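Peer 1: One file is attached below, target-v3.txt, containing compact mmCIF, C-alpha atoms.
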# COMPACT_ATOMS: atom_id res chain seq x y z
CA MET R 1 138.24 -53.47 -73.95
CA SER R 2 135.48 -55.89 -72.96
CA ASN R 3 132.62 -55.19 -70.58
CA GLN R 4 134.22 -57.54 -68.06
CA ASP R 5 137.48 -55.57 -68.24
CA GLU R 6 135.55 -52.32 -67.70
CA THR R 7 133.71 -53.82 -64.71
CA THR R 8 136.99 -55.01 -63.18
CA LYS R 9 138.56 -51.60 -63.77
CA ASP R 10 135.55 -49.83 -62.21
CA ALA R 11 135.65 -52.12 -59.16
CA ALA R 12 139.38 -51.47 -58.72
CA SER R 13 138.82 -47.72 -59.01
CA GLU R 14 135.99 -47.87 -56.47
CA ALA R 15 138.20 -49.83 -54.08
CA GLU R 16 140.95 -47.22 -54.46
CA VAL R 17 138.50 -44.39 -53.71
CA LYS R 18 137.23 -46.23 -50.60
CA LYS R 19 140.80 -46.77 -49.41
CA LEU R 20 141.63 -43.10 -50.00
CA ALA R 21 138.44 -42.00 -48.20
CA LYS R 22 139.29 -44.18 -45.20
CA GLY R 23 142.74 -42.60 -44.96
CA THR R 24 141.24 -39.14 -45.36
CA LYS R 25 138.76 -39.82 -42.56
CA ALA R 26 141.61 -40.74 -40.22
CA LYS R 27 143.46 -37.52 -41.11
CA LEU R 28 140.32 -35.39 -40.70
CA ASP R 29 139.57 -37.02 -37.34
CA ALA R 30 143.05 -36.00 -36.19
CA CYS R 31 142.64 -32.38 -37.37
CA LYS R 32 141.79 -29.48 -35.11
CA LYS R 33 138.00 -28.92 -35.04
CA VAL R 34 136.24 -25.56 -35.37
CA LYS R 35 132.63 -24.50 -35.05
CA ILE R 36 130.85 -23.21 -38.13
CA LYS R 37 127.33 -22.29 -39.12
CA ILE R 38 126.28 -22.27 -42.76
CA PRO R 39 123.51 -19.72 -43.27
CA ILE R 40 120.09 -20.72 -44.55
CA ASP R 41 119.71 -20.02 -48.27
CA THR R 42 117.01 -17.34 -48.40
CA LEU R 43 116.62 -17.81 -52.17
CA ASN R 44 116.02 -21.54 -51.83
CA GLU R 45 114.54 -22.34 -48.42
CA LYS R 46 114.21 -26.04 -49.30
CA ASN R 47 118.00 -26.31 -49.61
CA LEU R 48 118.58 -27.46 -46.02
CA THR R 49 121.98 -29.16 -46.34
CA VAL R 50 125.38 -28.60 -47.88
CA TYR R 51 127.31 -31.60 -49.19
CA CYS R 52 131.08 -31.59 -49.60
CA GLN R 53 133.82 -34.16 -49.73
CA ILE R 54 137.58 -34.38 -49.49
CA ASN R 55 139.34 -37.26 -51.25
CA GLY R 56 136.14 -39.29 -51.37
CA TYR R 57 135.19 -38.75 -47.72
CA PRO R 58 131.78 -37.03 -47.58
CA TYR R 59 130.39 -34.44 -45.19
CA THR R 60 126.75 -33.36 -45.09
CA ILE R 61 126.14 -30.22 -43.04
CA LYS R 62 122.75 -28.87 -42.04
CA ARG R 63 122.22 -25.18 -42.76
CA GLY R 64 121.45 -22.83 -39.86
CA VAL R 65 122.91 -25.18 -37.23
CA GLU R 66 126.26 -24.68 -35.52
CA VAL R 67 128.42 -27.76 -36.04
CA GLU R 68 131.99 -28.75 -35.33
CA VAL R 69 134.09 -29.73 -38.36
CA PRO R 70 137.78 -30.24 -39.14
CA THR R 71 139.60 -27.08 -40.25
CA ALA R 72 140.06 -28.56 -43.74
CA ILE R 73 136.28 -28.75 -44.20
CA LYS R 74 135.90 -25.16 -42.95
CA GLU R 75 138.54 -23.98 -45.44
CA LEU R 76 136.83 -25.83 -48.29
CA LEU R 77 133.48 -24.27 -47.42
CA GLU R 78 135.10 -20.81 -47.23
CA GLU R 79 136.69 -21.29 -50.67
CA CYS R 80 133.29 -22.25 -52.08
CA GLY R 81 131.60 -19.21 -50.51
CA TYR R 82 129.31 -21.08 -48.11
CA ILE R 83 130.76 -19.37 -45.03
I'd like the structure from this file rewritten - as structure tokens, please.

Peer 2:
Amino acid sequence: MSNQDETTKDAASEAEVKKLAKGTKAKLDACKKVKIKIPIDTLNEKNLTVYCQINGYPYTIKRGVEVEVPTAIKELLEECGYI
């Protein structure tokens, strides 16, 4: 496979991820919202944010601040042990 073929394939993959993320955003916007608060990491006080994503759609959440997120994000953060 040539470099041009790889570049074309990468661009197509990136476009697919963007399309998936856009659809995911619409679904997350329609979800019920809940308030959460991710505790500050006492072992690493410079770690001020938590990053997560669902199907290419990113969320960055500040630690120690109550925020409203879709239930799917809350469930993901619970599974990962953040809350």

Peer 1: Mind pulling up the distance from atom CA of Pro70 of chain R to atom CA of Lys33 of chain R?

Peer 2: 4.3 Å

Peer 1: What gap, in Å, lies between atom CA of Glu79 of chain R and atom CA of Tyr59 of chain R?

Peer 2: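 Pair atom CA of Glu79 of chain R / atom CA of Tyr59 of chain R returns 15.6 Å.
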
Peer 1: So, counting only C-alpha atoms, which residue among R:Glu16, R:Arg63, R:Ala26, R:Val34 is closest to Thr49 of chain R?

Peer 2: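 For Thr49 of chain R, the nearest of the given residues is R:Arg63.
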
Peer 1: Using all atoms listed in the file, can you tell me which of R:Glu14, R:Glu68, R:Glu78, R:Glu45 comes closest to Asp29 of chain R?

Peer 2: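 Distance minimum relative to Asp29 of chain R lands on R:Glu68.
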
Peer 1: My list of candidates is R:Ile38, R:Val17, R:Leu28, R:Gly56. Which is closest to Leu77 of chain R when distances are computed with only C-alpha atoms?

Peer 2: R:Ile38

Peer 1: Name all residues at most 10 Å from Asn47 of chain R (count only C-alpha atoms; drop same-chain ones fewer than 6 positions away) and give them as a PyMOL selection string.

Peer 2: chain R and resi 40-41+62-63

Peer 1: Emit the selected residues as a PDB file, in the frame of the given file, including C-alpha atoms.

Peer 2:
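And here is the file that came out, out_38.pdb:
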ATOM      1  CA  ILE R  40     120.090 -20.720 -44.550  1.00  0.00           C
ATOM      2  CA  ASP R  41     119.710 -20.020 -48.270  1.00  0.00           C
ATOM      3  CA  LYS R  62     122.750 -28.870 -42.040  1.00  0.00           C
ATOM      4  CA  ARG R  63     122.220 -25.180 -42.760  1.00  0.00           C
TER       5      ARG R  63
END

Peer 1: At a cut-off of 8 Å, using only C-alpha atoms, what residues contact Tyr51 of chain R? Leave out same-chain residues fewer than 5 positions from it and give the result as a PyMOL selection string.

Peer 2: chain R and resi 58-61

Peer 1: Can you tell me which residues surround Lys35 of chain R at a distance of at most 8 Å, considering all atoms listed in the file, apart from same-chain residues fewer than 4 positions away, and format the answer as a ChimeraX atom specification?

Peer 2: /R:66-69

Peer 1: Can you write out the residues you just picked, keeping C-alpha atoms, as a PDB file, in the frame of the given file?

Peer 2:
ATOM      1  CA  GLU R  66     126.260 -24.680 -35.520  1.00  0.00           C
ATOM      2  CA  VAL R  67     128.420 -27.760 -36.040  1.00  0.00           C
ATOM      3  CA  GLU R  68     131.990 -28.750 -35.330  1.00  0.00           C
ATOM      4  CA  VAL R  69     134.090 -29.730 -38.360  1.00  0.00           C
TER       5      VAL R  69
END

Peer 1: Distance atom CA of Lys37 of chain R-atom CA of Ile54 of chain R, one decimal place?

Peer 2: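 Those two atoms sit 18.9 Å apart.
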
Peer 1: With distances taken over all atoms listed in the file, which of R:Thr42, R:Lys25, R:Cys31, R:Ile83 is nearest to Tyr57 of chain R?

Peer 2: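 Result for the nearest residue to Tyr57 of chain R: R:Lys25.
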
Peer 1: Restricting the calculation to only C-alpha atoms: of R:Ala21, R:Ile36, R:Leu43, R:Cys52, which residue gets closest to Thr71 of chain R?

Peer 2: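 Between R:Ala21, R:Ile36, R:Leu43, R:Cys52, the residue approaching Thr71 of chain R most closely is R:Ile36.
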